[in-house]
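To start, the structure itself, in structure tokens.
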Amino acid sequence: LGVEVQPVLTAKVDVRPDGRGPCISVVQAEILGSSMVEAAGKNFDVTSDNIVSWNVTPEGETFIRSDTTVTVFIPIPAWSPFSVSSVERTGNFVVGQVVSQVVPRFLKQLKDDYVVWADGDDSRNATSNDGDMFDVDMN
């Protein structure tokens with residue numbers, strides 16, 4: 001369709017009381033793009049929690065784990081030609097595609113940042129120059 005969409009998320013990071021990693025919560029979500037895209041973006045709300053932890057395998061390897069929940073709220077006008085179930089199915093597919101592609105990129109970025117920090121660089125500068133963490137292939 002040739003429409004450019006740029007999601008912008010503002011997140012809050014809280015360290016969990018058990019010390020087993022952070023909980024990253026979306027506190028604001030907006031979509032930038034054409035006036036049509038931005039107008040549509042004002043009609044939804046997103047909540048998301050990403051609980052990041054690490055586990056150790058019996059072999060002694062440490063790995064990062066992410067438990068992510070995403071909920072999207074969107075009003076469906078009474079005059080809509082689409083049923084609630086068709087909107088839900090489509091929405092679940094789109095959100096599922098986004099989460100399945102973005103969360104692994106985020107975890108890789110988190111690992112890369114951790115390696116830099118563990119090597120003694122505590123400047124907290126981003127290690128990624130990729131502006132495409134949210135680029136999603138819907139094919």
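Each chain in the structure tokens gets a letter, A, B and so on, in the order shown; residues start at 1 in every chain, and ligands are counted from 1 in the order they appear.
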Pick out the residues sitting within 9 Å of range 14-20 of chain A, and hand them over as a list in words; count only C-alpha atoms, and ignore anything fewer than 3 positions along from it in its own chain.
-> Cys23, Ile24, Ser25, Ile51, Val52, Ser53 and Trp54 of chain A
List the neighbours of Leu9 in chain A out to 7 Å using only C-alpha atoms; skip same-chain residues closer than 4 positions along the sequence, and give me the result as an mmCIF file with N, CA and C atoms, in the first residue's frame.
data_model
loop_
_atom_site.group_PDB
_atom_site.id
_atom_site.type_symbol
_atom_site.label_atom_id
_atom_site.label_comp_id
_atom_site.auth_asym_id
_atom_site.auth_seq_id
_atom_site.Cartn_x
_atom_site.Cartn_y
_atom_site.Cartn_z
ATOM 1 N N VAL A 26 5.461 -1.032 28.642
ATOM 2 C CA VAL A 26 5.164 0.069 27.731
ATOM 3 C C VAL A 26 4.243 1.037 28.464
ATOM 4 N N GLN A 28 3.634 4.218 26.962
ATOM 5 C CA GLN A 28 2.996 4.999 25.905
ATOM 6 C C GLN A 28 3.375 4.381 24.570
ATOM 7 N N ALA A 29 2.390 4.320 23.677
ATOM 8 C CA ALA A 29 2.642 3.825 22.326
ATOM 9 C C ALA A 29 1.967 4.768 21.347
ATOM 10 N N GLU A 30 2.699 5.123 20.316
ATOM 11 C CA GLU A 30 2.104 5.951 19.274
ATOM 12 C C GLU A 30 2.651 5.492 17.933
#
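For the pair CA of Val27 in chain A and CA of Asp49 in chain A, the interatomic distance is 9.7 Å.
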Residue with the minimum atom-to-atom distance to Gln109 in chain A, picked from A:Ile74, A:Asp45, A:Pro58, A:Ile64 with only C-alpha atoms counted, is A:Ile64
Which of A:Ala39, A:Val46, A:Leu107, A:Ile76 sits closest to Val8 in chain A [using only C-alpha atoms] | A:Val46
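Distance-wise, CA of Asp112 in chain A and CA of Val5 in chain A end up 27.0 Å apart.
Ranking A:Val87, A:Ala11, A:Val115, A:Met36 by their shortest atom-to-atom distance to Pro75 in chain A, with only C-alpha atoms included, puts A:Val87 first.
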